[in-house]
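The data block below is final_12.txt; it holds compact mmCIF, C-alpha atoms (C1' of nucleotides).
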```
# COMPACT_ATOMS: atom_id res chain seq x y z
CA MET J 1 -4.34 -10.02 6.00
CA ALA J 2 -0.87 -10.41 4.68
CA LEU J 3 1.22 -9.77 7.82
CA GLU J 4 -0.28 -12.76 9.58
CA HIS J 5 0.60 -15.05 6.68
CA ILE J 6 4.07 -13.64 6.19
CA LEU J 7 4.69 -14.39 9.87
CA LEU J 8 3.51 -17.96 9.37
CA GLY J 9 5.89 -18.18 6.43
CA ILE J 10 8.88 -16.85 8.29
CA LEU J 11 8.09 -19.05 11.28
CA ARG J 12 8.38 -22.28 9.39
CA LYS J 13 11.74 -21.98 11.15
CA PRO J 14 11.72 -20.93 14.84
CA ALA J 15 12.45 -17.30 15.66
CA SER J 16 11.68 -14.63 18.24
CA GLY J 17 9.69 -11.47 17.52
CA TYR J 18 12.89 -9.49 17.49
CA GLU J 19 14.49 -11.85 14.98
CA VAL J 20 11.39 -11.72 12.79
CA LYS J 21 11.66 -7.95 12.76
CA ALA J 22 15.28 -8.21 11.60
CA HIS J 23 14.07 -10.48 8.81
CA PHE J 24 11.57 -7.83 7.74
CA ASP J 25 14.20 -5.14 7.71
CA ARG J 26 16.53 -7.28 5.64
CA VAL J 27 14.39 -9.02 3.06
CA PHE J 28 10.68 -8.22 3.31
CA ARG J 29 11.30 -4.50 3.43
CA HIS J 30 11.33 -4.55 -0.37
CA PHE J 31 7.63 -5.42 -0.55
CA TRP J 32 6.26 -5.29 3.00
CA ALA J 33 6.99 -3.34 6.16
CA ALA J 34 6.10 -4.09 9.79
CA GLU J 35 6.81 -2.46 13.12
CA LEU J 36 7.96 -4.46 16.12
CA SER J 37 4.92 -3.51 18.18
CA GLN J 38 2.60 -4.95 15.59
CA ILE J 39 4.68 -8.05 15.09
CA TYR J 40 4.47 -8.82 18.81
CA ARG J 41 0.71 -8.29 18.86
CA THR J 42 0.14 -10.45 15.81
CA LEU J 43 2.44 -13.17 17.10
CA ARG J 44 0.43 -13.43 20.28
CA ARG J 45 -2.88 -13.48 18.44
CA LEU J 46 -1.62 -16.22 16.15
CA GLU J 47 -0.58 -18.26 19.15
CA ASP J 48 -4.02 -17.78 20.70
CA GLU J 49 -5.50 -19.11 17.48
CA GLY J 50 -3.25 -22.17 17.60
CA LEU J 51 -1.36 -21.28 14.43
CA LEU J 52 1.89 -20.67 16.27
CA ALA J 53 3.48 -22.28 19.32
CA SER J 54 6.09 -20.64 21.51
CA ARG J 55 8.62 -21.45 24.18
CA ALA J 56 10.88 -19.28 26.31
CA GLU J 57 14.56 -19.62 25.48
CA ALA J 58 17.77 -18.13 26.85
CA SER J 59 19.48 -15.68 24.55
CA ALA J 60 23.15 -15.59 23.60
CA LYS J 61 23.18 -11.92 24.53
CA GLY J 62 20.48 -9.84 26.14
CA PRO J 63 17.40 -11.03 28.03
CA SER J 64 15.64 -14.33 27.43
CA LYS J 65 13.38 -14.51 24.43
CA ARG J 66 10.16 -16.12 23.31
CA VAL J 67 10.72 -18.32 20.29
CA TYR J 68 7.75 -18.95 18.00
CA GLN J 69 7.20 -21.59 15.37
CA ALA J 70 4.30 -22.41 13.06
CA THR J 71 2.14 -25.37 14.08
CA ALA J 72 0.79 -27.90 11.59
CA ARG J 73 -2.40 -25.83 11.40
CA GLY J 74 -0.30 -22.71 10.87
CA ARG J 75 1.46 -24.26 7.91
CA GLN J 76 -1.85 -25.46 6.53
CA ARG J 77 -3.16 -21.91 6.80
CA LEU J 78 -0.08 -20.62 4.97
CA ARG J 79 -0.52 -23.11 2.15
CA HIS J 80 -4.16 -22.17 1.76
CA TRP J 81 -3.23 -18.49 1.48
CA LEU J 82 -0.79 -19.36 -1.31
CA THR J 83 -3.41 -20.78 -3.63
CA VAL J 84 -4.92 -17.55 -4.95
CA PRO J 85 -3.01 -14.32 -5.60
CA GLU J 86 -4.02 -11.26 -3.59
CA VAL J 87 -3.63 -8.18 -5.72
CA GLY J 88 -5.40 -5.43 -3.82
CA ASP J 89 -5.20 -1.80 -4.93
CA GLU J 90 -1.78 -0.27 -4.65
CA ARG J 91 -1.44 3.04 -2.87
CA LEU J 92 1.34 5.03 -4.41
CA THR J 93 1.43 8.48 -2.92
CA TYR J 94 4.04 9.80 -5.33
CA VAL J 95 1.90 8.95 -8.35
CA SER J 96 -0.91 11.12 -6.95
CA GLN J 97 1.64 13.85 -6.51
CA VAL J 98 2.81 13.61 -10.11
CA TYR J 99 -0.84 13.72 -11.20
CA PHE J 100 -1.30 17.13 -9.55
CA LEU J 101 2.18 18.47 -10.16
CA ALA J 102 0.98 21.09 -12.67
CA GLU J 103 -0.59 22.91 -9.72
CA LEU J 104 2.88 24.06 -8.68
CA ARG J 105 3.29 26.13 -11.86
CA ASP J 106 6.98 26.06 -11.10
CA ALA J 107 9.25 24.25 -13.50
CA ALA J 108 12.27 24.26 -11.18
CA THR J 109 10.43 22.60 -8.28
CA THR J 110 8.80 20.13 -10.65
CA ARG J 111 12.22 19.22 -12.01
CA ARG J 112 13.62 18.83 -8.49
CA PHE J 113 10.70 16.61 -7.58
CA MET J 114 11.27 14.33 -10.54
CA ARG J 115 14.99 14.20 -9.97
CA ALA J 116 14.43 13.17 -6.35
CA LEU J 117 12.07 10.43 -7.52
CA HIS J 118 14.61 9.29 -10.08
CA ASP J 119 17.37 9.11 -7.50
CA HIS J 120 15.16 7.19 -5.11
CA PHE J 121 14.32 4.54 -7.72
CA ALA J 122 17.92 4.34 -8.87
CA ALA J 123 19.15 3.82 -5.31
CA ARG J 124 16.65 1.05 -4.69
CA LEU J 125 17.54 -0.56 -7.99
CA ALA J 126 21.22 -0.48 -6.99
CA GLU J 127 20.33 -2.20 -3.70
CA LEU J 128 18.59 -5.03 -5.52
CA GLU J 129 21.44 -5.33 -8.01
CA ALA J 130 23.85 -5.69 -5.11
CA ILE J 131 21.70 -8.47 -3.68
CA GLU J 132 21.69 -10.15 -7.06
CA GLN J 133 25.46 -9.88 -7.25
CA GLY J 134 25.66 -11.84 -4.00
CA TRP J 135 23.35 -14.53 -5.30
CA ARG J 136 25.37 -14.92 -8.46
CA GLN J 137 28.20 -16.44 -6.41
CA ASP J 138 26.05 -19.56 -6.31
CA PRO J 139 26.77 -21.52 -9.52
CA ARG J 140 23.17 -22.74 -9.50
CA TYR J 141 21.92 -19.15 -9.97
CA PRO J 142 19.28 -18.61 -11.15
CA ASP J 143 17.52 -21.60 -12.67
CA ALA J 144 19.22 -24.48 -10.93
CA LEU J 145 18.42 -23.11 -7.47
CA PRO J 146 16.37 -25.34 -5.17
CA ASP J 147 12.72 -24.27 -4.84
CA GLU J 148 13.24 -22.54 -1.47
CA ASP J 149 15.67 -20.15 -3.14
CA PHE J 150 14.14 -20.08 -6.59
CA HIS J 151 10.90 -18.49 -5.44
CA PRO J 152 12.57 -15.70 -3.47
CA GLN J 153 14.72 -15.14 -6.57
CA LEU J 154 11.52 -14.60 -8.55
CA THR J 155 10.59 -11.72 -6.25
CA LEU J 156 14.04 -10.25 -6.80
CA ALA J 157 13.59 -10.54 -10.58
CA LEU J 158 10.26 -8.71 -10.36
CA GLY J 159 11.75 -5.96 -8.24
CA LEU J 160 14.59 -5.48 -10.71
CA ARG J 161 12.21 -5.20 -13.65
CA LYS J 162 9.80 -2.83 -11.96
CA LEU J 163 12.52 -0.55 -10.64
CA ALA J 164 14.25 -0.51 -14.02
CA ALA J 165 10.90 0.53 -15.52
CA SER J 166 10.53 3.28 -12.91
CA VAL J 167 14.04 4.61 -13.52
CA ALA J 168 13.47 4.59 -17.28
CA TRP J 169 10.20 6.46 -16.80
CA ALA J 170 11.86 9.07 -14.58
CA ASP J 171 14.66 9.54 -17.12
CA GLU J 172 12.19 9.93 -19.94
CA THR J 173 10.07 12.31 -17.90
CA LEU J 174 13.04 14.53 -17.10
CA ALA J 175 13.88 14.67 -20.79
CA ARG J 176 10.28 15.49 -21.70
CA LEU J 177 10.15 18.23 -19.06
CA ALA J 178 13.38 19.73 -20.40
CA ALA J 179 11.93 19.73 -23.91
CA ARG J 180 8.81 21.54 -22.69
CA ASP J 181 10.76 24.15 -20.77
CA PRO J 182 13.82 25.00 -22.84
CA ASP J 183 15.03 28.04 -20.85
CA GLN J 184 15.41 26.14 -17.62
CA GLU J 185 18.11 27.28 -15.26
CA ALA J 186 19.43 23.77 -14.83
CA ASP J 187 19.85 24.09 -10.99
CA ARG J 188 22.31 21.22 -10.86
CA GLY J 189 23.88 22.59 -7.66
CA ASP J 190 26.74 24.11 -9.68
CA ALA J 191 24.92 27.45 -9.78
CA ALA J 192 23.36 29.37 -12.68
CA MET M 1 -1.57 11.54 4.52
CA ALA M 2 -2.27 11.20 0.87
CA LEU M 3 -6.08 10.97 0.82
CA GLU M 4 -6.42 14.41 2.32
CA HIS M 5 -4.17 15.92 -0.33
CA ILE M 6 -5.75 14.03 -3.21
CA LEU M 7 -9.08 15.45 -2.06
CA LEU M 8 -7.62 18.94 -2.06
CA GLY M 9 -6.34 18.28 -5.57
CA ILE M 10 -9.66 17.03 -6.90
CA LEU M 11 -11.50 19.87 -5.20
CA ARG M 12 -9.68 22.59 -7.05
CA LYS M 13 -12.97 22.25 -8.94
CA PRO M 14 -16.18 22.03 -6.88
CA ALA M 15 -17.69 18.56 -6.33
CA SER M 16 -19.77 16.61 -3.84
CA GLY M 17 -18.49 13.63 -1.85
CA TYR M 18 -20.37 11.33 -4.16
CA GLU M 19 -18.84 12.90 -7.25
CA VAL M 20 -15.38 12.68 -5.70
CA LYS M 21 -15.94 8.98 -5.16
CA ALA M 22 -16.83 8.58 -8.84
CA HIS M 23 -13.57 10.35 -9.67
CA PHE M 24 -11.66 7.84 -7.55
CA ASP M 25 -13.33 4.90 -9.23
CA ARG M 26 -12.56 6.28 -12.65
CA VAL M 27 -9.05 7.67 -12.48
CA PHE M 28 -7.41 7.38 -9.08
CA ARG M 29 -8.27 3.72 -8.76
CA HIS M 30 -5.07 2.99 -10.69
CA PHE M 31 -2.88 4.22 -7.84
CA TRP M 32 -5.16 5.01 -4.89
CA ALA M 33 -8.46 3.70 -3.54
CA ALA M 34 -10.95 5.27 -1.14
CA GLU M 35 -14.33 4.31 0.25
CA LEU M 36 -17.23 6.73 0.36
CA SER M 37 -17.49 6.62 4.13
CA GLN M 38 -13.93 7.73 4.49
CA ILE M 39 -14.23 10.39 1.85
CA TYR M 40 -17.16 11.94 3.72
CA ARG M 41 -15.31 11.91 7.01
CA THR M 42 -12.16 13.39 5.55
CA LEU M 43 -14.13 16.05 3.68
CA ARG M 44 -15.74 17.19 6.91
CA ARG M 45 -12.44 17.24 8.76
CA LEU M 46 -10.84 19.27 5.99
CA GLU M 47 -13.69 21.76 6.17
CA ASP M 48 -13.24 22.01 9.96
CA GLU M 49 -9.60 22.81 9.29
CA GLY M 50 -10.53 25.54 6.84
CA LEU M 51 -8.93 23.80 3.86
CA LEU M 52 -12.27 23.20 2.17
CA ALA M 53 -15.47 25.23 2.01
CA SER M 54 -18.89 23.78 1.23
CA ARG M 55 -22.38 24.85 0.28
CA ALA M 56 -25.62 22.90 -0.12
CA GLU M 57 -26.81 22.65 -3.67
CA ALA M 58 -29.84 21.11 -5.39
CA SER M 59 -29.10 18.03 -7.46
CA ALA M 60 -30.29 17.32 -10.99
CA LYS M 61 -31.56 13.96 -9.78
CA GLY M 62 -31.71 12.62 -6.26
CA PRO M 63 -31.48 14.52 -2.99
CA SER M 64 -29.64 17.79 -2.49
CA LYS M 65 -25.90 17.60 -2.16
CA ARG M 66 -23.07 19.28 -0.34
CA VAL M 67 -20.55 20.74 -2.77
CA TYR M 68 -17.00 21.21 -1.55
CA GLN M 69 -14.19 23.29 -2.95
CA ALA M 70 -10.63 23.96 -1.83
CA THR M 71 -10.02 27.30 -0.11
CA ALA M 72 -6.92 29.40 -0.75
CA ARG M 73 -5.32 27.73 2.28
CA GLY M 74 -6.35 24.35 0.90
CA ARG M 75 -4.58 25.02 -2.38
CA GLN M 76 -1.55 26.30 -0.52
CA ARG M 77 -1.49 23.06 1.48
CA LEU M 78 -1.71 21.07 -1.76
CA ARG M 79 1.19 22.95 -3.32
CA HIS M 80 3.30 22.38 -0.23
CA TRP M 81 2.63 18.65 -0.39
CA LEU M 82 3.81 18.62 -4.00
CA THR M 83 7.32 19.83 -3.23
CA VAL M 84 8.84 16.60 -1.93
CA PRO M 85 8.01 13.09 -3.18
CA GLU M 86 6.48 10.65 -0.71
CA VAL M 87 7.72 7.17 -1.46
CA GLY M 88 6.72 5.11 1.54
CA ASP M 89 7.12 1.34 1.60
CA GLU M 90 4.93 -0.50 -0.84
CA ARG M 91 2.85 -3.38 0.44
CA LEU M 92 2.46 -5.98 -2.26
CA THR M 93 0.75 -9.02 -0.89
CA TYR M 94 1.26 -11.12 -4.00
CA VAL M 95 5.04 -10.67 -3.85
CA SER M 96 5.06 -12.15 -0.34
CA GLN M 97 3.03 -15.02 -1.70
CA VAL M 98 5.49 -15.66 -4.51
CA TYR M 99 8.30 -15.59 -1.95
CA PHE M 100 6.76 -18.49 -0.05
CA LEU M 101 5.29 -20.34 -3.01
CA ALA M 102 7.73 -23.26 -2.69
CA GLU M 103 5.85 -24.23 0.47
CA LEU M 104 3.01 -25.53 -1.69
CA ARG M 105 5.23 -28.24 -3.17
CA ASP M 106 2.68 -28.46 -5.95
CA ALA M 107 3.74 -27.47 -9.43
CA ALA M 108 0.20 -27.35 -10.84
CA THR M 109 -1.10 -24.91 -8.19
CA THR M 110 2.05 -22.81 -8.50
CA ARG M 111 1.51 -22.61 -12.24
CA ARG M 112 -2.14 -21.66 -11.78
CA PHE M 113 -1.13 -18.97 -9.31
CA MET M 114 1.37 -17.46 -11.73
CA ARG M 115 -1.06 -17.64 -14.62
CA ALA M 116 -3.70 -15.82 -12.57
CA LEU M 117 -1.15 -13.13 -11.73
CA HIS M 118 -0.18 -12.87 -15.38
CA ASP M 119 -3.79 -12.47 -16.47
CA HIS M 120 -4.42 -9.85 -13.82
CA PHE M 121 -1.47 -7.72 -14.95
CA ALA M 122 -2.35 -8.19 -18.60
CA ALA M 123 -5.95 -7.09 -17.98
CA ARG M 124 -4.82 -3.98 -16.14
CA LEU M 125 -2.31 -3.20 -18.88
CA ALA M 126 -5.10 -3.51 -21.46
CA GLU M 127 -7.21 -1.05 -19.43
CA LEU M 128 -4.43 1.51 -19.45
CA GLU M 129 -3.77 0.96 -23.14
CA ALA M 130 -7.45 1.63 -23.84
CA ILE M 131 -7.21 4.88 -21.88
CA GLU M 132 -4.14 5.80 -23.88
CA GLN M 133 -5.99 5.06 -27.12
CA GLY M 134 -8.61 7.59 -26.10
CA TRP M 135 -5.97 10.21 -25.33
CA ARG M 136 -4.33 9.70 -28.69
CA GLN M 137 -7.35 11.28 -30.37
CA ASP M 138 -5.96 14.58 -29.15
CA PRO M 139 -3.39 15.74 -31.76
CA ARG M 140 -1.38 17.34 -28.96
CA TYR M 141 -0.76 13.90 -27.39
CA PRO M 142 1.54 13.44 -25.63
CA ASP M 143 4.09 16.23 -25.52
CA ALA M 144 2.08 19.21 -26.69
CA LEU M 145 -0.58 18.69 -24.02
CA PRO M 146 -1.19 21.57 -21.62
CA ASP M 147 0.31 21.04 -18.15
CA GLU M 148 -3.02 20.01 -16.58
CA ASP M 149 -3.15 17.04 -18.94
CA PHE M 150 0.56 16.45 -19.35
CA HIS M 151 1.08 15.52 -15.71
CA PRO M 152 -1.79 13.03 -15.57
CA GLN M 153 -0.35 11.58 -18.79
CA LEU M 154 2.93 11.02 -16.96
CA THR M 155 1.14 8.82 -14.45
CA LEU M 156 -0.37 6.86 -17.32
CA ALA M 157 3.08 6.42 -18.85
CA LEU M 158 4.43 5.07 -15.56
CA GLY M 159 1.53 2.66 -15.21
CA LEU M 160 2.09 1.35 -18.72
CA ARG M 161 5.78 0.76 -18.10
CA LYS M 162 5.34 -0.92 -14.74
CA LEU M 163 2.54 -3.17 -15.92
CA ALA M 164 4.48 -4.11 -19.03
CA ALA M 165 7.38 -5.06 -16.74
CA SER M 166 5.05 -7.14 -14.56
CA VAL M 167 3.57 -8.96 -17.55
CA ALA M 168 7.04 -9.65 -18.94
CA TRP M 169 8.12 -11.00 -15.56
CA ALA M 170 5.07 -13.26 -15.31
CA ASP M 171 5.70 -14.57 -18.83
CA GLU M 172 9.32 -15.26 -18.06
CA THR M 173 8.43 -16.88 -14.77
CA LEU M 174 5.93 -19.23 -16.40
CA ALA M 175 8.60 -20.23 -18.91
CA ARG M 176 11.16 -20.80 -16.15
CA LEU M 177 8.69 -22.89 -14.16
CA ALA M 178 7.95 -24.99 -17.24
CA ALA M 179 11.67 -25.56 -17.76
CA ARG M 180 12.06 -26.69 -14.13
CA ASP M 181 9.12 -29.07 -14.30
CA PRO M 182 9.14 -30.68 -17.74
CA ASP M 183 6.48 -33.35 -17.10
CA GLN M 184 3.77 -30.86 -16.22
CA GLU M 185 0.21 -31.82 -17.09
CA ALA M 186 -0.40 -28.45 -18.72
CA ASP M 187 -3.88 -28.03 -17.11
CA ARG M 188 -5.01 -25.49 -19.66
CA GLY M 189 -8.67 -26.43 -19.13
CA ASP M 190 -8.58 -28.67 -22.21
CA ALA M 191 -7.94 -31.71 -19.99
CA ALA M 192 -4.91 -34.02 -19.75
C1' DG K 1 -44.11 -0.94 -7.15
C1' DG K 2 -39.21 -2.38 -7.86
C1' DG K 3 -34.55 -1.57 -9.21
C1' DG K 4 -30.97 1.67 -10.18
C1' DT K 5 -28.48 5.61 -9.16
C1' DC K 6 -27.84 9.80 -6.50
C1' DA K 7 -26.82 11.26 -1.99
C1' DT K 8 -25.17 11.42 3.00
C1' DG K 9 -23.97 9.61 6.82
C1' DT K 10 -22.98 6.44 11.62
C1' DA K 11 -20.96 2.42 14.15
C1' DA K 12 -17.98 -1.19 14.75
C1' DT K 13 -13.91 -3.20 13.68
C1' DG K 14 -9.34 -3.93 11.87
C1' DA K 15 -4.66 -2.74 10.53
C1' DG K 16 -0.78 -0.03 11.31
C1' DT K 17 2.15 3.78 13.42
C1' DT K 18 4.18 6.41 17.11
C1' DA K 19 5.32 7.16 21.58
C1' DC K 20 6.38 5.32 25.76
C1' DA K 21 8.28 2.02 29.32
C1' DT K 22 11.50 -1.41 30.91
C1' DG K 23 15.54 -3.88 31.40
C1' DA K 24 19.74 -7.10 30.33
C1' DT K 25 24.09 -7.67 28.11
C1' DT K 26 27.99 -6.26 25.20
C1' DT K 27 31.12 -3.14 23.15
C1' DT K 28 33.70 1.11 23.18
C1' DA E 1 30.30 5.19 32.14
C1' DA E 2 27.84 5.54 27.91
C1' DA E 3 26.11 3.77 23.67
C1' DA E 4 24.58 0.01 20.93
C1' DT E 5 22.12 -4.06 20.53
C1' DC E 6 19.00 -7.56 22.24
C1' DA E 7 14.53 -8.21 23.97
C1' DT E 8 9.40 -7.54 25.09
C1' DG E 9 5.71 -5.19 25.56
C1' DT E 10 1.45 -1.30 26.43
C1' DA E 11 -1.31 2.82 25.14
C1' DA E 12 -3.01 6.13 22.24
C1' DC E 13 -3.97 7.32 17.92
C1' DT E 14 -4.70 7.35 12.81
C1' DC E 15 -6.17 5.46 8.67
C1' DA E 16 -9.22 2.51 6.28
C1' DT E 17 -12.87 -1.15 5.59
C1' DT E 18 -17.36 -3.21 6.27
C1' DA E 19 -21.83 -3.17 7.62
C1' DC E 20 -25.70 -0.67 8.45
C1' DA E 21 -29.31 3.10 8.01
C1' DT E 22 -31.85 6.48 5.48
C1' DG E 23 -34.08 8.65 1.85
C1' DA E 24 -35.04 11.18 -2.82
C1' DC E 25 -35.73 10.79 -7.52
C1' DC E 26 -36.09 8.33 -12.16
C1' DC E 27 -37.27 4.79 -15.36
C1' DC E 28 -39.54 0.57 -16.49
```

Could you write out this structure as structure tokens?
Amino acid sequence: MALEHILLGILRKPASGYEVKAHFDRVFRHFWAAELSQIYRTLRRLEDEGLLASRAEASAKGPSKRVYQATARGRQRLRHWLTVPEVGDERLTYVSQVYFLAELRDAATTRRFMRALHDHFAARLAELEAIEQGWRQDPRYPDALPDEDFHPQLTLALGLRKLAASVAWADETLARLAARDPDQEADRGDAA
Amino acid sequence: MALEHILLGILRKPASGYEVKAHFDRVFRHFWAAELSQIYRTLRRLEDEGLLASRAEASAKGPSKRVYQATARGRQRLRHWLTVPEVGDERLTYVSQVYFLAELRDAATTRRFMRALHDHFAARLAELEAIEQGWRQDPRYPDALPDEDFHPQLTLALGLRKLAASVAWADETLARLAARDPDQEADRGDAA
DNA sequence: GGGGTCATGTAATGAGTTACATGATTTT
DNA sequence: AAAATCATGTAACTCATTACATGACCCC
């Protein structure tokens, strides 16, 4: 169960459920997603199990909030989870789609599909490159960073490599499709 | 809902639930996983919805089986699903682990973690390369393949690229970790 | 007769999403 | 006065896993 451990990781520093959700949307989004409703439920369960502690706290704006933080046992649990990598099966819907794409028997739609995939990967790659640009302001980037920043940087490096691979694959695939179907009508928006 | 559509894709040709499961374990495993119990349930639901039809059939060995096949509406549903790529959020547990790995404050365990990741990616890459070796026997490989094989080959090509990227990242990361922690005790099994 | 594989399912549980409900405070 | 943001939650549902239950047929 990854969500539970990610929460323990985030809550090494105190935060409310709402703030945790913002954290997900900002950084974890790139490799994990979570809805508020589930965050709240998991937070409470973790507190029941003694892995988190909470206190009510006034908010700068809006209603008062419940601020959670990992307990000693919570941090111990986190460290234990970090000892052996969890690489369960990925579930990539779009790969299944590509697998069956011949069923369309329609070169134009196939091409549109692949172009949409390409653009999606390229946009995500651009996002990560922008994040990297920000990090580069730090003269210690990347190998003189302190551990707390170095490890997150590793996840960025992996994302950059994998997305670059995906973009390259999509480019190559579009070229291969064009070679297989020479009399394509281009459909680049600028009409036939 | 990808499982439902993958089932419709597989069942362009008739097969029993058990045979579908074998298909998953052989080819879909690389980008989608499914348990037998869920396959059976989904199969029945799809039949209730008129997207699959089934008939009982004697088996060569073992008890009689229920053989499913996509109906015209089922194939129509499949084709519709193929028109726009579904790229939901990935959930990669190990990336979250890498993100928090500094929490261990233990260079040896961190190194072991990264080496295990490396070996996992390398093993999966080797699997895909073996599959590719088999395909290469076909003189039409890769660009003269008929559409039904060309599209599956595209998924193989993507897997190869992404796994190569992951292996390269793990290699680089191990080197960077070594550079950060010069007096490591190597722990390669051959003692200190 | 025991183990493997073929074959189909049910029940309980867990993980995650979507929809709904409520309300304060701040900005426009 | 309305919209955005801050803030917490419940309920219903869907998707998936794990454990269990059953039984035929084949080979050793």

Requested in this report: Provide the atom CA of Val84 of chain M to atom CA of His5 of chain M distance in Å, to one decimal place.
Outcome: 13.1 Å

**Report entry** Å distance separating atom C1' of DA4 of chain E from atom CA of Arg66 of chain J, one decimal place
**Finding:** 21.8 Å

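Residue nearest chain K, chosen from J:Ser37, J:Ser16, J:Leu7, J:Arg26 and counting only C-alpha atoms (C1' of nucleotides): J:Ser37.
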
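Shell of DC20 of chain E at 12 Å, with only C-alpha atoms (C1' of nucleotides) counted and residues fewer than 2 places along the chain excluded, is Ser37 of chain M; DG9, DT10, DA11 and DA12 of chain K; DT18 and DT22 of chain E.
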
Please build the interface table for chain M against chain J with a cut-off of 6 Å, listing for each qualifying residue the nearest atom pair and the distance in Å to one decimal; count all atoms listed in the file, order rows by chain and increasing number, and write it as a Markdown table.
```
| residue | atom | partner | partner_atom | distance |
| --- | --- | --- | --- | --- |
| M:Ala2 | CA | J:Thr93 | CA | 6.0 |
| M:Phe31 | CA | J:Arg91 | CA | 5.3 |
| M:Trp32 | CA | J:Arg91 | CA | 4.7 |
| M:Arg79 | CA | J:Leu104 | CA | 5.7 |
| M:Leu82 | CA | J:Gln97 | CA | 5.8 |
| M:Val84 | CA | J:Phe113 | CA | 5.9 |
| M:Pro85 | CA | J:Tyr94 | CA | 5.6 |
| M:Glu86 | CA | J:Tyr94 | CA | 5.3 |
| M:Val87 | CA | J:Tyr94 | CA | 6.0 |
| M:Glu90 | CA | J:Phe31 | CA | 5.6 |
| M:Arg91 | CA | J:Trp32 | CA | 4.7 |
| M:Leu92 | CA | J:Phe31 | CA | 5.5 |
| M:Thr93 | CA | J:Glu86 | CA | 5.9 |
| M:Tyr94 | CA | J:Glu86 | CA | 5.3 |
| M:Gln97 | CA | J:Leu82 | CA | 5.8 |
| M:Tyr99 | CA | J:Pro152 | CA | 4.5 |
| M:Ala102 | CA | J:Asp147 | CA | 5.5 |
| M:Leu104 | CA | J:Arg79 | CA | 5.8 |
| M:Phe113 | CA | J:Val84 | CA | 5.9 |
| M:Asp147 | CA | J:Ala102 | CA | 5.5 |
| M:Glu148 | CA | J:Ala102 | CA | 5.7 |
| M:His151 | CA | J:Tyr99 | CA | 5.2 |
| M:Pro152 | CA | J:Tyr99 | CA | 4.5 |
| M:Arg161 | CA | J:Ala165 | CA | 5.7 |
| M:Lys162 | CA | J:Lys162 | CA | 5.6 |
| M:Ala165 | CA | J:Arg161 | CA | 5.7 |
```

Using all atoms listed in the file, which residues of chain M come within 7 Å of chain E, and what is the closest atom pair for each, with the distance in Å to one decimal? Give it as a tab-separated table, sorted by chain and residue number.
```
residue	atom	partner	partner_atom	distance
M:Lys61	CA	E:DC25	C1'	5.7
M:Gly62	CA	E:DC25	C1'	4.6
M:Pro63	CA	E:DA24	C1'	4.9
```

Tell me, counting all atoms listed in the file, for each residue of chain K within 9 Å of chain M, which pair of atoms is nearest and how far apart they are in Å to one decimal, in rows ordered by chain and increasing number, as a tab-separated table.
```
residue	atom	partner	partner_atom	distance
K:DT5	C1'	M:Gly62	CA	8.2
K:DC6	C1'	M:Gly62	CA	4.8
K:DA7	C1'	M:Pro63	CA	5.8
K:DT8	C1'	M:Tyr40	CA	8.1
K:DG9	C1'	M:Ser37	CA	7.6
```

Query - Separation of atom CA of Asp48 of chain J from atom CA of Glu4 of chain J in Å - result: 12.8 Å
